[in-house]
Each structure stands twice: as C-alpha cells, then as structure tokens.
file input_19.txt (compact mmCIF, C-alpha atoms)
# COMPACT_ATOMS: atom_id res chain seq x y z
CA MET A 1 -7.74 -6.07 32.64
CA GLU A 2 -6.08 -2.91 31.37
CA THR A 3 -7.31 -1.34 28.13
CA LEU A 4 -5.30 -0.92 24.94
CA HIS A 5 -5.71 2.46 23.22
CA ILE A 6 -5.02 2.70 19.48
CA ILE A 7 -4.71 6.02 17.65
CA GLY A 8 -5.70 5.78 13.99
CA GLY A 9 -8.26 3.63 12.19
CA GLY A 10 -6.33 2.93 9.00
CA MET A 11 -4.98 -0.46 7.91
CA ALA A 12 -2.57 -0.81 10.84
CA GLY A 13 -4.90 0.52 13.55
CA SER A 14 -7.83 -1.58 12.36
CA GLU A 15 -5.76 -4.77 12.30
CA ALA A 16 -4.15 -4.00 15.66
CA ALA A 17 -7.56 -3.45 17.27
CA TRP A 18 -8.90 -6.70 15.84
CA GLN A 19 -5.90 -8.78 16.94
CA ALA A 20 -5.87 -7.41 20.49
CA ALA A 21 -9.63 -7.79 20.91
CA GLU A 22 -9.52 -11.35 19.55
CA ALA A 23 -6.86 -12.05 22.20
CA GLY A 24 -9.36 -10.94 24.86
CA VAL A 25 -8.04 -7.45 25.56
CA PRO A 26 -10.44 -4.47 25.67
CA VAL A 27 -9.61 -1.85 23.04
CA VAL A 28 -10.48 1.80 22.47
CA LEU A 29 -9.92 2.83 18.84
CA HIS A 30 -9.36 6.58 18.50
CA GLU A 31 -10.19 7.90 15.00
CA MET A 32 -10.67 11.63 14.39
CA ARG A 33 -12.32 11.20 10.99
CA PRO A 34 -14.83 12.30 9.78
CA HIS A 35 -14.91 15.16 12.35
CA VAL A 36 -11.34 16.11 11.49
CA GLY A 37 -10.61 15.37 7.85
CA THR A 38 -7.41 14.80 5.89
CA PHE A 39 -6.43 15.72 2.37
CA ALA A 40 -6.73 12.17 1.04
CA HIS A 41 -9.61 10.56 2.97
CA ARG A 42 -13.22 10.78 1.77
CA THR A 43 -15.08 8.96 4.56
CA GLY A 44 -15.01 8.15 8.24
CA ASP A 45 -14.73 4.41 7.58
CA PHE A 46 -11.88 2.37 8.96
CA ALA A 47 -9.17 0.99 6.62
CA GLU A 48 -10.11 3.43 3.85
CA MET A 49 -7.97 2.90 0.75
CA VAL A 50 -6.80 6.35 -0.34
CA CYS A 51 -4.34 5.49 -3.10
CA SER A 52 -4.65 2.26 -5.09
CA ASN A 53 -7.35 -0.39 -4.59
CA SER A 54 -4.78 -3.18 -4.91
CA PHE A 55 -2.97 -5.20 -2.26
CA ARG A 56 -0.56 -6.17 -5.08
CA SER A 57 0.56 -9.73 -5.89
CA ASP A 58 -1.31 -12.63 -4.28
CA ASP A 59 1.35 -15.18 -5.34
CA HIS A 60 2.42 -16.67 -1.99
CA GLU A 61 4.92 -19.09 -3.54
CA ARG A 62 7.22 -16.73 -5.44
CA ASN A 63 6.42 -13.19 -4.32
CA ALA A 64 7.25 -11.52 -1.00
CA VAL A 65 3.99 -9.51 -0.94
CA GLY A 66 1.95 -12.64 -1.65
CA LEU A 67 3.83 -14.39 1.15
CA LEU A 68 2.86 -11.56 3.50
CA HIS A 69 -0.79 -12.09 2.44
CA TRP A 70 -0.37 -15.79 3.35
CA GLU A 71 1.09 -15.01 6.78
CA MET A 72 -1.66 -12.53 7.60
CA ARG A 73 -4.34 -15.03 6.60
CA ALA A 74 -2.66 -17.69 8.74
CA ALA A 75 -2.71 -15.29 11.69
CA GLY A 76 -6.44 -14.56 11.31
CA GLY A 77 -5.93 -11.07 9.88
CA LEU A 78 -9.09 -8.98 9.50
CA ILE A 79 -7.74 -6.99 6.54
CA MET A 80 -7.03 -10.10 4.46
CA GLN A 81 -10.35 -11.69 5.46
CA MET A 82 -12.33 -8.67 4.24
CA ALA A 83 -10.15 -8.25 1.14
CA GLU A 84 -10.97 -11.83 0.16
CA GLN A 85 -14.69 -11.20 0.58
CA HIS A 86 -14.61 -8.10 -1.64
CA ARG A 87 -11.92 -8.97 -4.17
CA LEU A 88 -12.15 -7.97 -7.82
CA PRO A 89 -10.63 -9.67 -10.87
CA ALA A 90 -7.06 -8.37 -11.21
CA GLY A 91 -4.97 -11.09 -12.85
CA GLY A 92 -2.47 -12.29 -10.25
CA ALA A 93 -3.09 -9.35 -7.91
CA LEU A 94 -5.47 -8.97 -4.95
CA ALA A 95 -7.60 -5.92 -5.76
CA VAL A 96 -10.82 -4.99 -3.94
CA ASP A 97 -13.94 -2.88 -4.19
CA ARG A 98 -12.54 -0.18 -1.92
CA ASP A 99 -15.82 1.15 -0.48
CA ALA A 100 -17.28 -2.29 0.19
CA PHE A 101 -13.98 -3.42 1.72
CA SER A 102 -13.63 -0.52 4.17
CA GLY A 103 -17.34 -0.74 4.98
CA ALA A 104 -16.92 -4.41 5.90
CA VAL A 105 -13.86 -3.72 8.07
CA THR A 106 -15.79 -0.95 9.83
CA ALA A 107 -18.80 -3.22 10.43
CA ALA A 108 -16.62 -6.02 11.83
CA LEU A 109 -14.82 -3.70 14.25
CA ARG A 110 -18.03 -2.01 15.41
CA ALA A 111 -19.64 -5.41 16.03
CA HIS A 112 -16.79 -6.67 18.24
CA PRO A 113 -17.85 -6.65 21.92
CA LEU A 114 -14.37 -5.71 23.18
CA ILE A 115 -13.82 -2.71 20.87
CA SER A 116 -15.15 0.76 21.68
CA PHE A 117 -14.53 4.01 19.83
CA SER A 118 -13.53 7.61 20.38
CA GLU A 119 -13.87 10.33 17.74
CA GLN A 120 -11.85 12.90 19.69
CA GLU A 121 -8.57 13.94 18.08
CA VAL A 122 -5.54 12.89 20.13
CA THR A 123 -3.12 15.81 20.03
CA GLU A 124 -0.35 14.62 22.37
CA LEU A 125 1.46 11.38 23.08
CA PRO A 126 -0.05 9.99 26.32
CA SER A 127 2.33 9.49 29.25
CA THR A 128 0.41 6.61 30.87
CA GLY A 129 -1.51 3.54 29.71
CA HIS A 130 -0.94 1.14 26.84
CA TRP A 131 -1.01 2.85 23.43
CA ILE A 132 -0.36 2.09 19.78
CA VAL A 133 0.20 5.04 17.45
CA ALA A 134 -0.98 3.98 13.98
CA THR A 135 -1.77 7.38 12.53
CA GLY A 136 -0.20 6.62 9.19
CA PRO A 137 1.37 9.04 6.76
CA LEU A 138 -1.26 11.73 7.42
CA THR A 139 -0.63 12.20 11.13
CA SER A 140 -2.31 15.41 12.30
CA GLY A 141 -0.04 18.40 12.84
CA SER A 142 -0.42 18.66 16.62
CA LEU A 143 0.25 14.96 17.24
CA ALA A 144 3.17 15.04 14.79
CA GLU A 145 4.66 17.92 16.80
CA SER A 146 4.23 15.92 20.00
CA ILE A 147 5.99 12.93 18.40
CA ARG A 148 8.78 15.19 17.17
CA ALA A 149 9.24 16.64 20.66
CA ALA A 150 9.25 13.20 22.28
CA THR A 151 11.74 11.69 19.84
CA GLY A 152 14.11 14.62 19.93
CA ALA A 153 14.56 14.39 16.18
CA GLU A 154 12.87 15.72 13.09
CA SER A 155 10.43 13.27 11.59
CA LEU A 156 11.33 12.44 8.04
CA ALA A 157 8.87 13.40 5.31
CA PHE A 158 8.21 12.44 1.71
CA PHE A 159 5.33 13.07 -0.66
CA ASP A 160 2.88 10.50 -1.89
CA ALA A 161 0.70 11.01 -4.96
CA ILE A 162 -2.78 9.64 -5.66
CA ALA A 163 -3.72 8.14 -9.05
CA PRO A 164 -6.85 9.32 -10.92
CA ILE A 165 -10.04 7.26 -11.36
CA VAL A 166 -12.05 7.15 -14.61
CA TYR A 167 -15.72 6.29 -15.23
CA ALA A 168 -15.65 3.04 -17.22
CA ASP A 169 -18.49 4.00 -19.57
CA THR A 170 -16.49 6.98 -20.82
CA ILE A 171 -13.59 4.82 -22.08
CA ASP A 172 -13.62 4.21 -25.85
CA MET A 173 -13.55 0.41 -26.12
CA ASP A 174 -13.20 0.61 -29.90
CA VAL A 175 -9.65 1.73 -29.14
CA ALA A 176 -8.95 0.10 -25.77
CA TRP A 177 -9.21 -3.62 -24.99
CA ARG A 178 -9.46 -5.85 -21.93
CA GLN A 179 -6.48 -8.05 -21.05
CA SER A 180 -4.25 -8.77 -18.06
CA ARG A 181 -0.55 -8.72 -18.88
CA TYR A 182 0.51 -12.18 -20.13
CA ASP A 183 -3.16 -13.23 -19.70
CA LYS A 184 -2.55 -13.82 -15.99
CA GLY A 185 -5.36 -15.31 -13.94
CA GLU A 186 -7.26 -18.58 -13.77
CA THR A 187 -10.61 -17.24 -14.99
CA GLU A 188 -11.49 -15.28 -18.11
CA GLU A 189 -12.57 -12.41 -15.86
CA GLU A 190 -9.12 -12.25 -14.27
CA GLN A 191 -7.40 -12.61 -17.63
CA LYS A 192 -9.32 -9.53 -18.78
CA ALA A 193 -9.11 -7.54 -15.56
CA TYR A 194 -7.34 -4.53 -17.06
CA ILE A 195 -8.30 -2.05 -19.77
CA ASN A 196 -5.40 -1.23 -22.07
CA CYS A 197 -4.91 1.97 -24.08
CA PRO A 198 -2.20 1.67 -26.78
CA MET A 199 0.14 4.39 -27.99
CA ASN A 200 2.34 4.49 -31.07
CA ARG A 201 5.69 6.25 -30.87
CA GLU A 202 4.38 9.62 -32.07
CA GLN A 203 1.55 9.58 -29.54
CA TYR A 204 3.95 8.58 -26.75
CA GLU A 205 6.41 11.36 -27.56
CA ALA A 206 3.61 13.96 -27.63
CA PHE A 207 2.31 12.63 -24.31
CA ILE A 208 5.75 12.94 -22.68
CA ASP A 209 6.12 16.49 -24.02
CA ALA A 210 2.75 17.47 -22.53
CA LEU A 211 3.57 15.75 -19.25
CA LEU A 212 6.83 17.63 -18.88
CA ALA A 213 5.25 20.98 -19.80
CA ALA A 214 2.16 20.62 -17.59
CA GLU A 215 1.60 22.92 -14.64
CA LYS A 216 2.47 21.18 -11.39
CA THR A 217 1.37 21.62 -7.78
CA GLU A 218 3.59 24.01 -5.85
CA PHE A 219 5.04 22.94 -2.54
CA HIS A 220 4.55 24.98 0.60
CA GLU A 221 7.50 26.89 1.98
CA GLY A 222 9.84 24.61 3.91
CA GLU A 223 8.60 21.43 2.25
CA THR A 224 10.90 19.32 0.15
CA ALA A 225 9.84 16.99 -2.61
CA GLY A 226 11.46 13.74 -1.58
CA TYR A 227 9.55 10.82 -3.08
CA PHE A 228 9.45 7.16 -2.21
CA ASP A 229 10.58 5.36 -5.37
CA GLY A 230 7.64 2.93 -5.34
CA CYS A 231 5.13 5.78 -5.67
CA LEU A 232 6.79 8.32 -7.98
CA PRO A 233 4.52 10.78 -9.80
CA ILE A 234 4.54 10.07 -13.52
CA GLU A 235 5.93 13.49 -14.37
CA VAL A 236 8.88 12.88 -12.04
CA MET A 237 9.50 9.54 -13.80
CA ALA A 238 9.32 11.31 -17.17
CA GLU A 239 11.88 13.87 -15.97
CA ARG A 240 14.31 11.01 -15.35
CA GLY A 241 14.32 10.11 -19.04
CA ARG A 242 11.86 10.03 -21.93
CA GLU A 243 11.86 6.22 -22.03
CA THR A 244 11.35 5.74 -18.26
CA LEU A 245 7.55 5.39 -18.45
CA ARG A 246 7.83 2.90 -21.34
CA HIS A 247 9.87 0.68 -19.05
CA GLY A 248 7.64 1.34 -16.04
CA PRO A 249 3.84 1.67 -15.78
CA MET A 250 3.45 2.14 -19.57
CA LYS A 251 5.45 -0.92 -20.64
CA PRO A 252 3.81 -2.65 -23.63
CA VAL A 253 5.00 -6.21 -22.88
CA GLY A 254 2.66 -9.19 -22.47
CA LEU A 255 -0.23 -7.48 -24.26
CA THR A 256 -1.85 -7.97 -27.68
CA ASN A 257 -4.27 -5.39 -29.07
CA SER A 258 -7.44 -7.36 -29.86
CA HIS A 259 -8.50 -4.65 -32.36
CA LYS A 260 -5.17 -4.74 -34.22
CA PRO A 261 -3.34 -7.96 -33.26
CA GLU A 262 -0.63 -7.40 -35.87
CA GLU A 263 0.34 -3.98 -34.48
CA LYS A 264 2.77 -3.82 -31.56
CA ALA A 265 2.08 -0.83 -29.30
CA TYR A 266 5.02 1.42 -28.45
CA ALA A 267 3.55 2.03 -24.97
CA VAL A 268 0.37 1.00 -23.14
CA VAL A 269 -1.58 2.77 -20.39
CA GLN A 270 -3.38 0.26 -18.15
CA LEU A 271 -6.52 0.88 -16.10
CA ARG A 272 -7.53 -1.47 -13.27
CA ARG A 273 -11.06 -2.07 -12.03
CA ASP A 274 -11.73 -0.09 -8.86
CA ASN A 275 -15.15 -1.31 -7.70
CA ALA A 276 -17.30 -4.45 -7.85
CA LEU A 277 -19.77 -2.91 -10.29
CA GLY A 278 -16.96 -2.31 -12.76
CA THR A 279 -18.05 1.30 -13.21
CA LEU A 280 -14.75 2.82 -12.02
CA TYR A 281 -11.19 2.17 -13.20
CA ASN A 282 -7.97 3.67 -11.84
CA ILE A 283 -5.04 4.48 -14.11
CA VAL A 284 -2.29 2.13 -12.94
CA GLY A 285 0.90 3.83 -11.80
CA PHE A 286 -0.37 7.31 -12.73
CA GLN A 287 0.16 9.07 -9.42
CA THR A 288 0.58 12.74 -10.23
CA LYS A 289 1.11 16.25 -8.84
CA MET A 290 -0.14 18.03 -11.96
CA LYS A 291 -2.82 20.64 -11.38
CA TYR A 292 -6.35 19.44 -12.06
CA GLY A 293 -6.84 21.31 -15.35
CA ALA A 294 -3.50 20.03 -16.64
CA GLN A 295 -4.38 16.46 -15.64
CA ILE A 296 -7.58 16.47 -17.67
CA ALA A 297 -5.82 17.89 -20.73
CA VAL A 298 -2.86 15.49 -20.55
CA PHE A 299 -4.83 12.33 -19.73
CA LYS A 300 -7.31 12.96 -22.55
CA MET A 301 -4.35 12.62 -24.93
CA ILE A 302 -4.31 8.90 -24.09
CA PRO A 303 -5.95 6.91 -26.94
CA GLY A 304 -9.30 5.65 -25.67
CA LEU A 305 -9.56 8.35 -22.99
CA GLU A 306 -10.27 11.31 -25.27
CA GLN A 307 -13.85 11.54 -23.92
CA ALA A 308 -13.09 10.22 -20.42
CA SER A 309 -14.78 11.60 -17.32
CA PHE A 310 -12.93 11.43 -14.01
CA ALA A 311 -14.48 10.32 -10.73
CA ARG A 312 -11.36 11.55 -8.96
CA LEU A 313 -8.26 13.34 -10.17
CA GLY A 314 -4.78 12.74 -8.83
CA GLY A 315 -3.45 14.60 -5.82
CA ILE A 316 -0.44 14.87 -3.58
CA HIS A 317 -0.01 14.86 0.16
CA ARG A 318 2.73 14.85 2.72
CA ASN A 319 3.66 11.57 4.37
CA THR A 320 5.41 11.54 7.73
CA PHE A 321 7.37 8.67 9.23
CA ILE A 322 9.74 8.28 12.17
CA ASN A 323 13.33 7.07 12.14
CA SER A 324 12.26 3.73 13.60
CA PRO A 325 15.69 2.01 13.76
CA THR A 326 16.86 4.62 16.29
CA LEU A 327 13.56 5.04 18.17
CA LEU A 328 11.90 1.60 18.49
CA ASP A 329 12.85 -1.59 20.31
CA THR A 330 12.17 -5.08 18.94
CA GLN A 331 8.70 -4.95 20.54
CA MET A 332 7.90 -1.86 18.42
CA ARG A 333 7.90 0.28 21.58
CA MET A 334 9.46 3.73 21.89
CA LYS A 335 12.71 3.17 23.71
CA SER A 336 12.23 6.41 25.66
CA ARG A 337 8.51 5.81 26.38
CA PRO A 338 7.83 2.05 26.34
CA ASN A 339 4.11 2.47 27.06
CA ILE A 340 3.78 3.58 23.42
CA ARG A 341 4.11 1.36 20.36
CA PHE A 342 4.14 2.51 16.76
CA ALA A 343 2.65 0.57 13.84
CA GLY A 344 1.92 1.01 10.15
CA GLN A 345 3.28 3.50 7.65
CA ILE A 346 4.48 5.93 10.30
CA THR A 347 7.16 3.34 11.17
CA GLY A 348 8.60 3.44 7.65
CA VAL A 349 6.94 0.45 6.00
CA GLU A 350 5.32 1.25 2.67
CA GLY A 351 2.07 -0.22 1.38
CA TYR A 352 -1.32 -1.34 2.64
CA VAL A 353 -0.29 -4.91 3.38
CA GLU A 354 2.96 -3.98 5.07
CA SER A 355 1.15 -1.42 7.25
CA ALA A 356 -1.58 -3.87 8.23
CA SER A 357 0.98 -6.57 9.07
CA MET A 358 2.82 -4.23 11.44
CA GLY A 359 -0.55 -3.45 13.04
CA LEU A 360 -1.14 -7.17 13.41
CA LEU A 361 2.16 -7.61 15.24
CA ALA A 362 1.78 -4.50 17.40
CA GLY A 363 -1.72 -5.55 18.44
CA ARG A 364 -0.59 -9.04 19.39
CA MET A 365 2.51 -7.77 21.22
CA ALA A 366 0.51 -5.20 23.19
CA ALA A 367 -2.14 -7.79 24.10
CA ALA A 368 0.51 -10.24 25.30
CA GLU A 369 2.11 -7.53 27.46
CA ILE A 370 -1.23 -6.48 29.00
CA LYS A 371 -1.90 -10.13 29.85
CA GLY A 372 1.44 -10.39 31.62
CA GLY A 373 3.48 -12.12 28.93
CA ALA A 374 5.71 -11.25 25.99
CA LEU A 375 5.48 -12.07 22.32
CA ARG A 376 8.72 -12.39 20.40
CA PRO A 377 8.64 -11.26 16.77
CA PRO A 378 8.44 -13.90 14.02
CA GLY A 379 11.78 -15.07 12.63
CA ILE A 380 13.60 -12.80 10.18
CA GLU A 381 13.15 -15.52 7.54
CA THR A 382 9.39 -14.72 7.47
CA ALA A 383 7.86 -11.77 5.60
CA MET A 384 6.49 -10.20 8.77
CA GLY A 385 9.67 -10.88 10.70
CA SER A 386 11.88 -9.41 7.98
CA LEU A 387 9.84 -6.19 7.99
CA VAL A 388 9.79 -5.70 11.75
CA ASN A 389 13.52 -6.46 11.85
CA HIS A 390 14.12 -3.85 9.15
CA ILE A 391 12.33 -1.06 11.03
CA THR A 392 13.65 -1.94 14.50
CA GLY A 393 17.33 -2.11 13.69
CA GLY A 394 17.96 -3.96 10.45
CA ALA A 395 17.99 -0.76 8.38
CA GLU A 396 20.75 1.83 8.32
CA ALA A 397 19.37 4.71 10.39
CA LYS A 398 21.26 7.41 8.46
CA THR A 399 19.67 6.42 5.15
CA PHE A 400 16.36 5.03 6.45
CA GLN A 401 13.58 5.24 3.86
CA PRO A 402 10.10 3.68 3.53
CA MET A 403 10.36 0.07 2.42
CA ASN A 404 8.04 -2.47 0.80
CA VAL A 405 8.47 -6.11 1.76
CA ASN A 406 10.96 -7.84 -0.56
CA PHE A 407 13.21 -10.87 -0.55
CA GLY A 408 16.23 -8.59 -0.09
CA LEU A 409 15.17 -8.21 3.57
CA PHE A 410 15.32 -11.99 4.14
CA PRO A 411 18.45 -13.97 5.12
CA PRO A 412 19.93 -15.49 1.93
CA ILE A 413 18.96 -19.03 1.01
CA ASP A 414 21.82 -21.53 1.07
CA ALA A 415 21.70 -22.76 -2.51
CA LYS A 416 23.25 -26.20 -2.08
CA GLY A 417 23.64 -28.36 -5.16
CA GLY A 418 24.37 -25.55 -7.59
CA ARG A 419 22.91 -22.18 -8.38
CA ARG A 420 19.12 -21.96 -8.15
CA GLY A 421 16.98 -20.35 -10.82
CA ARG A 422 15.12 -17.27 -9.61
CA LYS A 423 11.74 -19.04 -9.43
CA ASP A 424 13.18 -21.96 -7.47
CA ARG A 425 15.03 -19.59 -5.15
CA TYR A 426 11.89 -17.56 -4.40
CA LYS A 427 9.94 -20.77 -3.76
CA ALA A 428 12.65 -21.80 -1.30
CA TYR A 429 12.29 -18.46 0.50
CA THR A 430 8.52 -18.87 0.85
CA ASP A 431 8.70 -22.55 1.88
CA ARG A 432 11.18 -21.66 4.62
CA ALA A 433 9.07 -18.68 5.72
CA LYS A 434 5.82 -20.66 5.92
CA GLU A 435 7.42 -23.35 8.06
CA SER A 436 8.89 -20.75 10.42
CA PHE A 437 5.69 -18.66 10.62
CA THR A 438 3.53 -21.73 11.25
CA GLN A 439 5.84 -22.71 14.14
CA TRP A 440 5.72 -19.15 15.53
CA LEU A 441 1.92 -19.23 15.53
CA ALA A 442 1.93 -22.63 17.25
CA ASP A 443 4.38 -21.41 19.90
CA HIS A 444 2.15 -18.44 20.77
CA SER A 445 -1.31 -19.92 20.37
call {"tool": "encode", "arguments": {"input": "input_19.txt", "output": "structure tokens"}}
result
Amino acid sequence: METLHIIGGGMAGSEAAWQAAEAGVPVVLHEMRPHVGTFAHRTGDFAEMVCSNSFRSDDHERNAVGLLHWEMRAAGGLIMQMAEQHRLPAGGALAVDRDAFSGAVTAALRAHPLISFSEQEVTELPSTGHWIVATGPLTSGSLAESIRAATGAESLAFFDAIAPIVYADTIDMDVAWRQSRYDKGETEEEQKAYINCPMNREQYEAFIDALLAAEKTEFHEGETAGYFDGCLPIEVMAERGRETLRHGPMKPVGLTNSHKPEEKAYAVVQLRRDNALGTLYNIVGFQTKMKYGAQIAVFKMIPGLEQASFARLGGIHRNTFINSPTLLDTQMRMKSRPNIRFAGQITGVEGYVESASMGLLAGRMAAAEIKGGALRPPGIETAMGSLVNHITGGAEAKTFQPMNVNFGLFPPIDAKGGRRGRKDRYKAYTDRAKESFTQWLADHS
C-alpha cells in the first residue's frame, strides 16, 4: 500500500496522521521542530498549543464549536480524546493542561505501528506521492515560497498575537476572586474556574490610557498588520474605542465580587487556568503586540496583578494562509496538483478545533483515495461539512478571511410553526447536524 506523507505536526497534521493510520494506511509525519524552531513554539511535541489553552465552548446542543467537538468525538478524533483526558475546570469551555495534552498526543502518535517520523524540514512541495500540507500559520519561509510559486498567487497573511501567562501564586487573592461568568459549570471547581480582577471606572480609564501610549512591536518592512477579528490585540481593540474592551474581554457581566458583593465592577480582567496544577493562569483575550517592558508595566496596573510574575509574555507572529476557495477542490486537493491536500489553519480556518477537524477530514479522504475509494465530505448542515464547504468554494474568494465555525455557515433552519427563539433554533441546528453526521459515519464505516 502507498504511504501518506503529512507535513506539520500541529493540530491538523496530528489528527490527519491518526485518522489515516487508524484506517490502515502507513503514514510518515514530517515535523521540523525542534531542530528548526518557530517564533511561537517552545517544544518539539505534536499538537503544541501556542496561543490559548482552550478549545472554547463544549456545549454541543447550542454552540457551533461544541457541535464540532461532538462530531470529532463521534469520528474517533485523537485531539478530542486527549483533550478529554487532560481537561481543566473552565466553566462551559473545554480547556486543557497544554503540556500534558501535547505530550499525550505525541505519545499516542509515536506508539502507533503505522506512523513513522521524519525531522527533516520539507522545503518544496513534492511532485509525486500522496501528501497533506498541514504546516499551519507558521509555515517555514522556503516552503511558503514553494506554495506561492505553485499557486501562482500571493498567500494572504495576517498577524496573530499570543496572550501572557501569570504565575498563580503572584496574584493578590485579597483583591481578585474565583468565579466563572454566570457561575457556569456543573461542579464547584468549574463554577470557580476563572480568577477575576475588578476595575472601577478611574482604574479602567487609566489602564486604557497606558495601553494606548505603550510602546508596540514594529513590523518588518513589507509586512502589513491585518488582524483576524477573533484574535485582535487588546491595544488594537482599545484604538477602536475606549469602551471596546469593556464590551469584549473585560466585560463585567455575570460576575459578583466576593470581597465586595455590593460593588459593581466597571470592568473585569479574567484569568483562566492554564495547567492541571493550577500554578499558571493566562489572561483571557489579552493577546498583545506591546513590547515586553511595556507589557509588564501595563499589566501590573490591573488590580490584583500589581505583584504578578509572568511565565510568558505576549508576542506576535505572522500567520500565512492560502486562498482556498480558488485553489482547492471539494476533496481538499490542490486543483493544479491533486497529489497534494491542504489541512488546518493554512486553509483559512481559524482555531484549534477547526484546524484539527480539517486534518481529520483530510486524513480520512487521503486514506480512502490510497485504498482505491473516495470519501465525500459530510453534509453542509454539519459543523465539519459547513467548514470544508466554506474553504472549498462557499466563501467569496475576493474577500476570503480566516473563519471560525459558526451557525452562519450552515443552511438556514426552516422555522415552521412560527419564529423560533435563538436557543431553540440553535438546538435545531445541532439536532439536524448530529443526525446527518451520524449517517455520514455509517455510510463510510
């Protein structure tokens, strides 16, 4: 049987390798780390989480991301399996101990008898063999040039910022308190999964002033600062209006200060647990391109973080993705070079789960092709199907931008019998999706 080669051991590449190997196809996983590093990665482990430690909402009945979790679990996804084993309390979200999670993914892949590994950097798109390119947003320069040459078009680029991580024992808990927004979660641990730092109006205004005045990272010549809206640096949000952060990551709703229950905070900074020990917390939504010295000065203005020590400060890196609607067919293959599939963030999906799900599909599609068959994509009414449809033709090529999964990508629900409430409508979307995805799995089992 022919071998499937996968370039990139991130979320998409790891999931693709697992799915193809589980289907009985031999796989070589090419990962240049740790021999060739990137700006954002710290280790050579597979599926390393470089930004947040959260897979976002786990609500599979009324949330599109949670539905995608459900579909990946139903399809035997490695990423979801390991996330479940290393999950941390996070209210209604699925957050994990990032090091334990990536370590477990790495161990599972290395233990699989059909998966072998290459640590050589792949610098050009191969002309023969079966390949999946899952190099993510940090594709190496030489391979990116090869992709650019093969596609005949400039790859699009945006910038993604990394949020800082704080040592938990340096947070002043006489000021901060533990609570998930609206007390979400079934256990007390989940209901207290976040640490909250309150600000009054004067403190908030001073914080915004400092944020706007702080020294920022300069871009290299020829680079443009085009951001994906779901991952805006906080200073860019602040530039859009002084109240923007209060209605975004610093919104004070659903929280009651246990130290001063009668006082309503004007704004709240939330920190989410980042490891199983509970020794590290990341500042939620605080991606930033401020210089390191400025970050420390500005973040220590946050009540409760005056004496904080940082395990990691924020950073910024370039993300590259292809114009998938013009370049890929419905099998995620390059139209001009059908021996090559693309998967993950490089295709223009945004987020860990979305990237892994496209790896899952690419791995299954490639395995089916190697075995002499063909695997049609799931229906557009499913989370996975709506995403692959979006990147392979559903999106407008001229305005193509990275996209998270959302119900706006699904065909509308026919609301017979009157207008549905939002919760009922979302439940109808997920019920329809689960039925369709279950049938798709049965048809291709």
call {"tool": "closest_residue", "arguments": {"input": "input_19.txt", "among": "A:Thr288, A:Gln81, A:Asn389, A:Ser258", "to": "Gln179 (chain A)", "atoms": "only C-alpha atoms"}}
result
A:Ser258
call {"tool": "closest_residue", "arguments": {"input": "input_19.txt", "among": "A:Asn63, A:Thr430, A:Asn53, A:Thr217", "to": "Ala83 (chain A)", "atoms": "only C-alpha atoms"}}
result
A:Asn53
call {"tool": "residues_around", "arguments": {"input": "input_19.txt", "residues": "His390 (chain A)", "least_positions_apart": "3", "cutoff": "10 Å", "atoms": "all atoms listed in the file", "output": "PyMOL selection string"}}
result
chain A and resi 324-325+348-349+380+384-387+393-396+400+403+405+409-410
call {"tool": "residues_around", "arguments": {"input": "input_19.txt", "residues": "Met173 (chain A)", "least_positions_apart": "2", "cutoff": "12 Å", "atoms": "all atoms listed in the file", "output": "JSON list (two decimals) with C-alpha atoms, in the frame of the given file"}}
result
[["chain", "number", "residue", "atom", "x", "y", "z"],
["A", 168, "ALA", "CA", -15.65, 3.04, -17.22],
["A", 169, "ASP", "CA", -18.49, 4.00, -19.57],
["A", 170, "THR", "CA", -16.49, 6.98, -20.82],
["A", 171, "ILE", "CA", -13.59, 4.82, -22.08],
["A", 175, "VAL", "CA", -9.65, 1.73, -29.14],
["A", 176, "ALA", "CA", -8.95, 0.10, -25.77],
["A", 177, "TRP", "CA", -9.21, -3.62, -24.99],
["A", 178, "ARG", "CA", -9.46, -5.85, -21.93],
["A", 195, "ILE", "CA", -8.30, -2.05, -19.77],
["A", 196, "ASN", "CA", -5.40, -1.23, -22.07],
["A", 197, "CYS", "CA", -4.91, 1.97, -24.08],
["A", 198, "PRO", "CA", -2.20, 1.67, -26.78],
["A", 257, "ASN", "CA", -4.27, -5.39, -29.07],
["A", 258, "SER", "CA", -7.44, -7.36, -29.86],
["A", 259, "HIS", "CA", -8.50, -4.65, -32.36],
["A", 303, "PRO", "CA", -5.95, 6.91, -26.94],
["A", 304, "GLY", "CA", -9.30, 5.65, -25.67],
["A", 305, "LEU", "CA", -9.56, 8.35, -22.99],
["A", 306, "GLU", "CA", -10.27, 11.31, -25.27],
["A", 307, "GLN", "CA", -13.85, 11.54, -23.92],
["A", 308, "ALA", "CA", -13.09, 10.22, -20.42]]
call {"tool": "closest_residue", "arguments": {"input": "input_19.txt", "among": "A:Ser116, A:Glu124, A:Ala144, A:Asp172", "to": "Lys300 (chain A)", "atoms": "all atoms listed in the file"}}
result
A:Asp172
call {"tool": "closest_residue", "arguments": {"input": "input_19.txt", "among": "A:Ala383, A:Ala150, A:Ala47, A:Met32", "to": "Glu121 (chain A)", "atoms": "all atoms listed in the file"}}
result
A:Met32
call {"tool": "residues_around", "arguments": {"input": "input_19.txt", "residues": "Gly278 (chain A)", "least_positions_apart": "5", "cutoff": "10 Å", "atoms": "all atoms listed in the file", "output": "MDAnalysis selection string"}}
result
chainID A and resid 88:89 97 167:169 193 272:273
call {"tool": "write_last_selection", "arguments": {"input": "input_19.txt", "atoms": "C-alpha atoms", "output": "short mmCIF file (atom, residue, chain, number, x, y, z; two decimals), in the coordinates of the input"}}
result
data_model
loop_
_atom_site.label_atom_id
_atom_site.label_comp_id
_atom_site.auth_asym_id
_atom_site.auth_seq_id
_atom_site.Cartn_x
_atom_site.Cartn_y
_atom_site.Cartn_z
CA LEU A 88 -12.15 -7.97 -7.82
CA PRO A 89 -10.63 -9.67 -10.87
CA ASP A 97 -13.94 -2.88 -4.19
CA TYR A 167 -15.72 6.29 -15.23
CA ALA A 168 -15.65 3.04 -17.22
CA ASP A 169 -18.49 4.00 -19.57
CA ALA A 193 -9.11 -7.54 -15.56
CA ARG A 272 -7.53 -1.47 -13.27
CA ARG A 273 -11.06 -2.07 -12.03
#
call {"tool": "residues_near_point", "arguments": {"input": "input_19.txt", "point": "(-13.8, -4.5, 24.6)", "cutoff": "7 Å", "atoms": "all atoms listed in the file", "output": "list of chain:residue names"}}
result
A:Ala21, A:Val25, A:Pro26, A:Val27, A:Pro113, A:Leu114, A:Ile115, A:Ser116
call {"tool": "write_last_selection", "arguments": {"input": "input_19.txt", "atoms": "C-alpha atoms", "output": "PDB file, in the coordinates of the input"}}
result
ATOM      1  CA  ALA A  21      -9.630  -7.790  20.910  1.00  0.00           C
ATOM      2  CA  VAL A  25      -8.040  -7.450  25.560  1.00  0.00           C
ATOM      3  CA  PRO A  26     -10.440  -4.470  25.670  1.00  0.00           C
ATOM      4  CA  VAL A  27      -9.610  -1.850  23.040  1.00  0.00           C
ATOM      5  CA  PRO A 113     -17.850  -6.650  21.920  1.00  0.00           C
ATOM      6  CA  LEU A 114     -14.370  -5.710  23.180  1.00  0.00           C
ATOM      7  CA  ILE A 115     -13.820  -2.710  20.870  1.00  0.00           C
ATOM      8  CA  SER A 116     -15.150   0.760  21.680  1.00  0.00           C
TER       9      SER A 116
END
call {"tool": "closest_residue", "arguments": {"input": "input_19.txt", "among": "A:Thr279, A:Asn404, A:Thr135, A:Thr320", "to": "Ser357 (chain A)", "atoms": "all atoms listed in the file"}}
result
A:Asn404
